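Enquirer: Got a structure for you, written out below as structure tokens; questions coming shortly.
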Amino acid sequence: MSRSKQWLSWIAILGLFFVYAGDAPPGVNEAHYLAKAKNFWDPSWCNEDLFVSSGKAHWLFYQLFGWPTLFVSLSTTAWIGRLIGWGMLSAGLVRLCSQLRLPPAAAPLIAVLWVAGIQEGNLAGEWVVGGIEAKVPAYALVLFGIAELLRRNWSATWLLFGAASAFHVLTGGWSVVAGAIAFLYLERIQPKGGQVRQPFFRPALFAGGLISLVGLLPAAAMSAGTTPEESVSAARIYTYFRISHHLLPSAFHFDWFVRHSVLTIATGLFLGADWFYAESPRRGGIIALASFAAGALLISLCGLVVGMLPAVAPDLAAKLLRFYWFRLADAITPLALACSVAGLLSSYASKLPSKAGLSIWKQIRNSVQRDVRSAWLIAAGIVVALAMYHAGRSTWERVADNVPISHSNRLLGLNRAASYWKQRRTMEDWIDVCRFVRANTAADAVLLTPRHQQSFKWYSHRAEVVNWKDIPQDAENLRKWARRFVEVFPMELSTMRVTIRYDRLRDFRRRFKVDWMIVDRRVVGPQLPLVQVYPVGEERNSTYAVYRLPTINDSPQNETVDDGKRRERTNDSSPDSTS
């Protein structure tokens with residue numbers, strides 16, 4: 001590839017990523033990662049929040065991507081991180097395309113096929129292109145590592161995979177395992193004749209291992225100082241209660257298995273066809289890519305076997321399933337499919353006879369014959385059309401919603417069929433109530449917040465007692481989170497809303513130092529037997545309200561009070577025991 005064409009390809013991919021995932025912040029997991037990154041650089045920020053102040057597993061990400069929070073807003077920090085992350089992914093795809101000996105125009109096509117394949121064919125909910133978090137730069141480094149693997153440049157491969165592990169230990173770590181499987185095939189099983197077998201153990205492998213310690217040691221510290229019983233308890237909470245939709249095969253929907261199986265079979269077929277019709281210089285790269293994808297698939301198959309253990313050894317299964325066995329295959333299988341489809345189309349286009357006066361479409365039509373290769377060309381065209389349709393549909397849905405994905409009713413699981421205007425109004429009401437809290441509370445205030453939200457700290461810059469999204473990763477605080485969650489959102493209320501029993505609310509006030517709670521009126525109704533702090537007077541908020549928790553002397557019959565700053569009102573209905 002010429003340098004100018006590579007730059008054009010990089011810009012095109014970056015533009016595609018912006019169109020596909022350029023929602024207003026916070027995106028999925030951004031409020032989670034960047035809140036913690038801000039606390040990493042400013043420990044006084046929300047230091048009473050259980051999640052934010054808990055162990056920092058992704059030290060390198062916080063170190064490199066968190067410092068802008070000292071100078072700019074969280075939203076600006078998110079955009080800075082996104083542009084860097086998407087830029088790295090784009091560069092990785094351009095580099096991979098080059099090593100596969102494909103023309104520059106193929107790289108943007110691979111990008112579209114890749115994001116659509118992950119979106120529609122994942123088994124365990126993995127994604128790569130979206131908001132900024134630790135796995136985004138990690139996957140970018142994995143792409144560079146795969147490009148070096150195609151050249152059998154194993155020293156660079158191990159160093160790049162080690163750097164990926166430093167950002168995200170599981171993304172990079174599983175890439176090392178898949179790379180080792182690819183090495184076994186490429187250097188021990190496949191070599192013929194005079195091909196030199198390269199050594200597995202080399203200085204770069206150990207150097208990559210040392211680099212990976214930047215990510216491995218903080219992750220390992222999450223279980224430090226816990227007893228075996230506490231470690232098992234934390235693993236069960238993580239695997240069976242909170243993250244089962246990513247970790248536990250029995251929790252996956254049947255159609256997830258169907259779609260991922262179809263994707264995997266199609267990937268194998270297209271890789272085979274691409275190899276068969278490719279010129280000799282390209283075949284080595286196709287085999288290397290297929291061997292790495294096979295390694296990722298083997299890891300996933302091992303995860304399915306581990307997924308059978310809960311019936312006979314639930315504690316052991318909980319500890320093993322925490323390692324996201326399906327993550328790498330979710331990302332690499334569609335990548336291999338994208339590269340093979342692009343390879344088939346590129347191979348065919350390069351052999352089109354050049355006839356003056358004929359458009360490219362007429363040349364294609366005249367050259368297509370009823371043979372096997374033409375059938376593969378048609379199949380590849382269908383795959384491209386499906387990818388563009390699904391990626392375009394997803395993009396249009398987000399544009400039509402016109403709210404950040406973190407505010408989408410589809411993501412939050414409440415009133416999924418709400419119209420655009422209702423979702424927009426709900427988001428504006430949420431931002432308004434968060435701004436009210438920020439303006440009327442001390443910097444170290446702690447609040448009870450609704451279950452169906454994940455951005456309270458993003459907008460209010462205040463701590464919260466617990467929410468569903470922000471789960472600590474260290475064992476001690478993970479167990480605290482679980483206890484808090486079932487206390488604040490009790491099982492008798494289907495873990496959907498905070499209890500308003502006076503004895504429990506007084507207990508929350510004493511233990512968590514919380515004075516106010518925000519309620520979602522769609523869940524709890526328009527009135528509660530508590531002192532309403534917001535909205536009052538001329539303030540308007542149709543979705544959320546703020547109430548003051550009862551003190552020891554409070555009763556439901558308290559009259560309107562004046563604290564010298566705001567007028568608060570108390571509804572005169574009496575609370576029942578559970579609602």
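Numbering starts fresh at 1 for the residues of each chain in the structure tokens, the chains themselves are lettered A, B, ... in the order given, and ligands are numbered from 1 as they appear.
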Please provide as a VMD selection string all residues within 10 Å of Asp315 in chain A, with the sequence filter that same-chain residues fewer than 2 positions apart are discarded (counting only C-alpha atoms).
Expert: chain A and resid 229 231 to 233 235 to 236 309 to 313 317 to 320
Enquirer: Just to be explicit: take each residue in the selection above, keep all heavy atoms, and write the result as a short mmCIF file (atom, residue, chain, number, x, y, z; two decimals), in the first residue's frame.
Expert:
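Okay, selection-v8.cif is ready:
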```
data_model
loop_
_atom_site.label_atom_id
_atom_site.label_comp_id
_atom_site.auth_asym_id
_atom_site.auth_seq_id
_atom_site.Cartn_x
_atom_site.Cartn_y
_atom_site.Cartn_z
N GLU A 229 -13.08 -18.91 51.26
CA GLU A 229 -14.54 -18.82 51.29
C GLU A 229 -15.02 -17.48 50.71
O GLU A 229 -15.99 -17.43 49.96
CB GLU A 229 -15.06 -18.98 52.72
CG GLU A 229 -14.85 -20.37 53.31
CD GLU A 229 -13.41 -20.60 53.76
OE1 GLU A 229 -12.65 -19.60 53.84
OE2 GLU A 229 -13.05 -21.77 53.99
N SER A 231 -13.38 -15.61 48.59
CA SER A 231 -13.08 -15.61 47.17
C SER A 231 -14.15 -16.35 46.38
O SER A 231 -14.60 -15.90 45.32
CB SER A 231 -11.71 -16.25 46.93
OG SER A 231 -11.40 -16.30 45.55
N VAL A 232 -14.59 -17.49 46.90
CA VAL A 232 -15.65 -18.25 46.23
C VAL A 232 -16.96 -17.48 46.24
O VAL A 232 -17.69 -17.42 45.24
CB VAL A 232 -15.83 -19.62 46.92
CG1 VAL A 232 -17.11 -20.30 46.44
CG2 VAL A 232 -14.64 -20.52 46.63
N SER A 233 -17.26 -16.85 47.37
CA SER A 233 -18.48 -16.05 47.48
C SER A 233 -18.49 -14.94 46.45
O SER A 233 -19.50 -14.71 45.76
CB SER A 233 -18.61 -15.47 48.89
OG SER A 233 -19.68 -14.55 48.97
N ALA A 235 -16.81 -14.83 43.62
CA ALA A 235 -16.90 -15.43 42.29
C ALA A 235 -18.34 -15.83 41.96
O ALA A 235 -18.81 -15.64 40.83
CB ALA A 235 -15.98 -16.64 42.20
N ARG A 236 -19.06 -16.36 42.92
CA ARG A 236 -20.45 -16.75 42.69
C ARG A 236 -21.32 -15.52 42.41
O ARG A 236 -22.20 -15.56 41.53
CB ARG A 236 -20.99 -17.52 43.90
CG ARG A 236 -20.37 -18.90 44.07
CD ARG A 236 -20.94 -19.59 45.30
NE ARG A 236 -22.33 -19.96 45.10
CZ ARG A 236 -22.76 -21.18 44.77
NH1 ARG A 236 -21.88 -22.16 44.61
NH2 ARG A 236 -24.04 -21.43 44.62
N LEU A 309 -19.86 -27.31 34.33
CA LEU A 309 -19.46 -27.63 35.70
C LEU A 309 -20.43 -27.17 36.79
O LEU A 309 -20.46 -27.79 37.86
CB LEU A 309 -18.08 -27.03 35.99
CG LEU A 309 -16.88 -27.70 35.32
CD1 LEU A 309 -15.60 -26.94 35.67
CD2 LEU A 309 -16.78 -29.15 35.74
N PRO A 310 -21.21 -26.09 36.60
CA PRO A 310 -22.05 -25.64 37.71
C PRO A 310 -22.95 -26.72 38.30
O PRO A 310 -23.27 -26.69 39.49
CB PRO A 310 -22.89 -24.52 37.09
CG PRO A 310 -21.99 -23.95 36.05
CD PRO A 310 -21.27 -25.13 35.48
N ALA A 311 -23.36 -27.69 37.49
CA ALA A 311 -24.23 -28.74 38.00
C ALA A 311 -23.52 -29.67 38.98
O ALA A 311 -24.15 -30.27 39.86
CB ALA A 311 -24.79 -29.56 36.84
N VAL A 312 -22.19 -29.81 38.84
CA VAL A 312 -21.46 -30.76 39.68
C VAL A 312 -20.45 -30.06 40.60
O VAL A 312 -20.13 -30.59 41.67
CB VAL A 312 -20.73 -31.81 38.82
CG1 VAL A 312 -21.74 -32.70 38.12
CG2 VAL A 312 -19.81 -31.15 37.80
N ALA A 313 -19.94 -28.93 40.19
CA ALA A 313 -18.95 -28.20 40.99
C ALA A 313 -19.19 -26.70 40.85
O ALA A 313 -18.42 -25.99 40.19
CB ALA A 313 -17.53 -28.57 40.55
N ALA A 317 -16.72 -23.85 39.14
CA ALA A 317 -17.21 -23.25 37.89
C ALA A 317 -17.27 -21.73 38.00
O ALA A 317 -16.90 -21.02 37.08
CB ALA A 317 -18.58 -23.82 37.55
N ALA A 318 -17.75 -21.23 39.14
CA ALA A 318 -17.85 -19.78 39.33
C ALA A 318 -16.48 -19.12 39.22
O ALA A 318 -16.33 -18.06 38.60
CB ALA A 318 -18.48 -19.47 40.68
N LYS A 319 -15.46 -19.75 39.78
CA LYS A 319 -14.12 -19.18 39.74
C LYS A 319 -13.53 -19.23 38.34
O LYS A 319 -12.84 -18.31 37.90
CB LYS A 319 -13.22 -19.90 40.74
CG LYS A 319 -13.67 -19.76 42.19
CD LYS A 319 -12.74 -20.46 43.15
CE LYS A 319 -11.45 -19.70 43.33
NZ LYS A 319 -10.62 -20.27 44.42
N LEU A 320 -13.80 -20.31 37.60
CA LEU A 320 -13.24 -20.45 36.26
C LEU A 320 -13.96 -19.61 35.23
O LEU A 320 -13.34 -19.03 34.32
CB LEU A 320 -13.27 -21.93 35.84
CG LEU A 320 -12.36 -22.88 36.61
CD1 LEU A 320 -12.56 -24.32 36.14
CD2 LEU A 320 -10.90 -22.47 36.47
#
```
Enquirer: Give me every alpha helix (DSSP H) residue in range 110-171 of chain A, going by DSSP on the backbone, as a ChimeraX atom specification.
Expert: /A:110-121,135-150,154-167,169-171
Enquirer: With only C-alpha atoms as the basis for distance, which of A:Met496, A:Val136, A:Leu301, A:Leu335 is at the shortest distance from Ala116 in chain A?
Expert: A:Leu335
Enquirer: Write out as a PyMOL selection string which residues come within 12 Å of Gln198 in chain A when counting only C-alpha atoms, dropping same-chain ones fewer than 3 positions away.
Expert: chain A and resi 152-155+183-188+191+195+201-202
Enquirer: Residues as selected, N, CA and C atoms, written as a compact mmCIF listing (two decimals), in the first residue's frame, can you do that?
Expert:
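Okay, this is what ended up in result26.txt:
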```txt
# COMPACT_ATOMS: atom_id res chain seq x y z
N ARG A 152 4.87 -14.09 10.68
CA ARG A 152 5.64 -15.00 11.53
C ARG A 152 6.74 -14.24 12.27
N ASN A 153 6.45 -12.99 12.56
CA ASN A 153 7.34 -12.16 13.37
C ASN A 153 6.92 -12.32 14.83
N TRP A 154 7.32 -13.43 15.42
CA TRP A 154 6.79 -13.81 16.73
C TRP A 154 7.28 -12.89 17.84
N SER A 155 8.44 -12.33 17.70
CA SER A 155 8.93 -11.42 18.74
C SER A 155 7.99 -10.22 18.87
N PHE A 183 0.94 -20.64 16.83
CA PHE A 183 2.36 -20.97 16.73
C PHE A 183 2.55 -22.49 16.60
N LEU A 184 1.80 -23.23 17.41
CA LEU A 184 1.92 -24.69 17.36
C LEU A 184 1.63 -25.21 15.97
N TYR A 185 0.61 -24.66 15.33
CA TYR A 185 0.27 -25.14 13.99
C TYR A 185 1.26 -24.64 12.95
N LEU A 186 1.57 -23.35 12.99
CA LEU A 186 2.39 -22.75 11.94
C LEU A 186 3.85 -23.18 12.01
N GLU A 187 4.34 -23.41 13.21
CA GLU A 187 5.77 -23.69 13.37
C GLU A 187 6.09 -25.15 13.70
N ARG A 188 5.08 -25.93 14.09
CA ARG A 188 5.36 -27.32 14.47
C ARG A 188 4.60 -28.34 13.64
N PRO A 191 4.97 -26.77 8.97
CA PRO A 191 6.22 -26.59 8.21
C PRO A 191 6.60 -27.81 7.37
N GLN A 195 11.54 -25.13 5.39
CA GLN A 195 11.07 -24.04 6.23
C GLN A 195 11.68 -24.15 7.63
N PHE A 201 10.19 -20.26 22.86
CA PHE A 201 10.75 -19.46 23.96
C PHE A 201 11.86 -18.57 23.41
N ARG A 202 11.66 -17.27 23.61
CA ARG A 202 12.58 -16.27 23.10
C ARG A 202 12.52 -15.07 24.04
```
Enquirer: Tell me, as JSON, numbers by chain, which residues lie within 12 Å of Pro526 in chain A, counting only C-alpha atoms; anything in the same chain fewer than 4 positions away does not count.
Expert: {"A": [519, 520, 521, 522, 530, 532, 535, 541, 542, 543, 544, 545, 546, 547, 571, 573]}
Enquirer: Between A:Trp396, A:Thr264, A:Trp458, A:Val177, which is the closest to Thr77 in chain A once you count only C-alpha atoms?
Expert: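 For Thr77 in chain A, the nearest of the candidates is A:Trp458.
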Enquirer: For a quick check of understanding, using only C-alpha atoms, which of A:Gly125, A:Pro137, A:Gly22, A:Pro108 has the smallest distance to Gly87 in chain A?
Expert: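 Looking at the shortest contact to Gly87 in chain A, the residue is A:Pro137.
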Enquirer: List every residue of range 351-552 of chain A that DSSP, applied to the backbone, labels as strand (DSSP E), and write the result as a list in words.
Expert: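 DSSP-assigned strand (DSSP E) residues in range 351-552 of chain A: Val446, Leu447, Leu448, Ala463, Glu464, Val514, Asp515, Trp516, Met517, Ile518, Val519, Asp520, Val531, Gln532, Val533, Tyr534, Tyr544, Ala545, Val546, Tyr547 and Arg548 of chain A.
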Enquirer: Report as a PDB file with all heavy atoms, in the first residue's frame all protein, DNA and RNA residues lying within 8 Å of Ile287 in chain A, evaluated on only C-alpha atoms, omitting residues in the same chain fewer than 4 positions from it.
Expert:
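Saved result, out-v1.pdb, follows:
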```
ATOM      1  N   TRP A 275      -8.652 -18.949   0.606  1.00  0.00           N
ATOM      2  CA  TRP A 275      -7.360 -19.621   0.416  1.00  0.00           C
ATOM      3  C   TRP A 275      -7.295 -20.303  -0.944  1.00  0.00           C
ATOM      4  O   TRP A 275      -6.276 -20.230  -1.642  1.00  0.00           O
ATOM      5  CB  TRP A 275      -7.156 -20.644   1.527  1.00  0.00           C
ATOM      6  CG  TRP A 275      -5.879 -21.421   1.383  1.00  0.00           C
ATOM      7  CD1 TRP A 275      -4.645 -21.081   1.851  1.00  0.00           C
ATOM      8  CD2 TRP A 275      -5.711 -22.672   0.703  1.00  0.00           C
ATOM      9  NE1 TRP A 275      -3.714 -22.032   1.512  1.00  0.00           N
ATOM     10  CE2 TRP A 275      -4.337 -23.027   0.797  1.00  0.00           C
ATOM     11  CE3 TRP A 275      -6.569 -23.526   0.023  1.00  0.00           C
ATOM     12  CZ2 TRP A 275      -3.834 -24.195   0.235  1.00  0.00           C
ATOM     13  CZ3 TRP A 275      -6.072 -24.686  -0.543  1.00  0.00           C
ATOM     14  CH2 TRP A 275      -4.707 -25.014  -0.419  1.00  0.00           C
ATOM     15  N   ARG A 283      -1.641 -16.826   0.509  1.00  0.00           N
ATOM     16  CA  ARG A 283      -2.144 -18.023   1.193  1.00  0.00           C
ATOM     17  C   ARG A 283      -1.543 -18.203   2.580  1.00  0.00           C
ATOM     18  O   ARG A 283      -2.218 -18.653   3.505  1.00  0.00           O
ATOM     19  CB  ARG A 283      -1.871 -19.261   0.335  1.00  0.00           C
ATOM     20  CG  ARG A 283      -2.777 -19.336  -0.872  1.00  0.00           C
ATOM     21  CD  ARG A 283      -2.618 -20.639  -1.618  1.00  0.00           C
ATOM     22  NE  ARG A 283      -3.639 -20.792  -2.644  1.00  0.00           N
ATOM     23  CZ  ARG A 283      -3.776 -21.877  -3.408  1.00  0.00           C
ATOM     24  NH1 ARG A 283      -2.934 -22.903  -3.264  1.00  0.00           N
ATOM     25  NH2 ARG A 283      -4.739 -21.935  -4.311  1.00  0.00           N
ATOM     26  N   SER A 291      -5.497 -19.881  11.693  1.00  0.00           N
ATOM     27  CA  SER A 291      -4.979 -20.604  12.858  1.00  0.00           C
ATOM     28  C   SER A 291      -5.213 -19.811  14.140  1.00  0.00           C
ATOM     29  O   SER A 291      -5.527 -20.390  15.191  1.00  0.00           O
ATOM     30  CB  SER A 291      -3.496 -20.910  12.675  1.00  0.00           C
ATOM     31  OG  SER A 291      -2.730 -19.712  12.615  1.00  0.00           O
TER      32      SER A 291
END
```
Enquirer: At what distance in Å, to one decimal, does CA of Arg509 in chain A lie from CA of Leu528 in chain A?
Expert: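 About the pair CA of Leu528 in chain A and CA of Arg509 in chain A: they are 17.2 Å apart.
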Enquirer: I want to know what sits within 10 Å of Phe61 in chain A, based on only C-alpha atoms, with residues of the same chain fewer than 3 positions away left out; could you give that as a list of chain:residue names?
Expert: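 Returned residues: A:Tyr33, A:Leu34, A:Ala37, A:Lys56, A:Ala57, A:His58, A:Leu64, A:Phe65, A:Gly66, A:Ile132, A:Glu133, A:Ala134, A:Lys135, A:Val136, A:Pro137, A:Ala138, A:Ala166, A:Phe167, A:His168, A:Gly215.
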Enquirer: Restrict the calculation to only C-alpha atoms, then for each residue of range 448-528 of chain A with any atom at most 9 Å from an atom of range 47-51 of chain A give the closest atom pair and their distance in Å to one decimal, rows by chain and rising residue number, as a Markdown table.
Expert:
```
| residue | atom | partner | partner_atom | distance |
| --- | --- | --- | --- | --- |
| A:Arg462 | CA | A:Asp49 | CA | 8.1 |
| A:Ala463 | CA | A:Asp49 | CA | 4.6 |
| A:Glu464 | CA | A:Asp49 | CA | 5.7 |
| A:Val465 | CA | A:Asp49 | CA | 6.6 |
| A:Val466 | CA | A:Leu50 | CA | 7.3 |
| A:Asp470 | CA | A:Phe51 | CA | 6.0 |
| A:Ile471 | CA | A:Phe51 | CA | 6.2 |
| A:Pro472 | CA | A:Phe51 | CA | 5.1 |
| A:Gln473 | CA | A:Phe51 | CA | 8.6 |
| A:Asn477 | CA | A:Leu50 | CA | 7.2 |
| A:Leu478 | CA | A:Phe51 | CA | 8.7 |
| A:Lys480 | CA | A:Leu50 | CA | 8.4 |
| A:Trp481 | CA | A:Leu50 | CA | 7.5 |
| A:Phe512 | CA | A:Glu48 | CA | 8.9 |
```
Enquirer: Show which residues sit within 12 Å of His246 in chain A, as a ChimeraX atom specification. Count only C-alpha atoms, and ignore same-chain residues fewer than 5 positions away.
Expert: /A:122-127,238-241,251-253,256,303,307,321-327,330
Enquirer: For a quick check of understanding, using only C-alpha atoms, which of A:Ala442, A:Ala400, A:Ile181, A:Ala107 has the smallest distance to Asp515 in chain A?
Expert: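 Under the stated criterion, the closest residue is A:Ala442.
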Enquirer: Mind giving me the straight-line distance from CA of Ala293 in chain A to CA of Val214 in chain A in Å, one decimal?
Expert: 26.0 Å
Enquirer: Between CA of Ile332 in chain A and CA of Ser394 in chain A, measure the distance and give it in Å to one decimal.
Expert: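 Interatomic distance, CA of Ile332 in chain A to CA of Ser394 in chain A: 20.6 Å.
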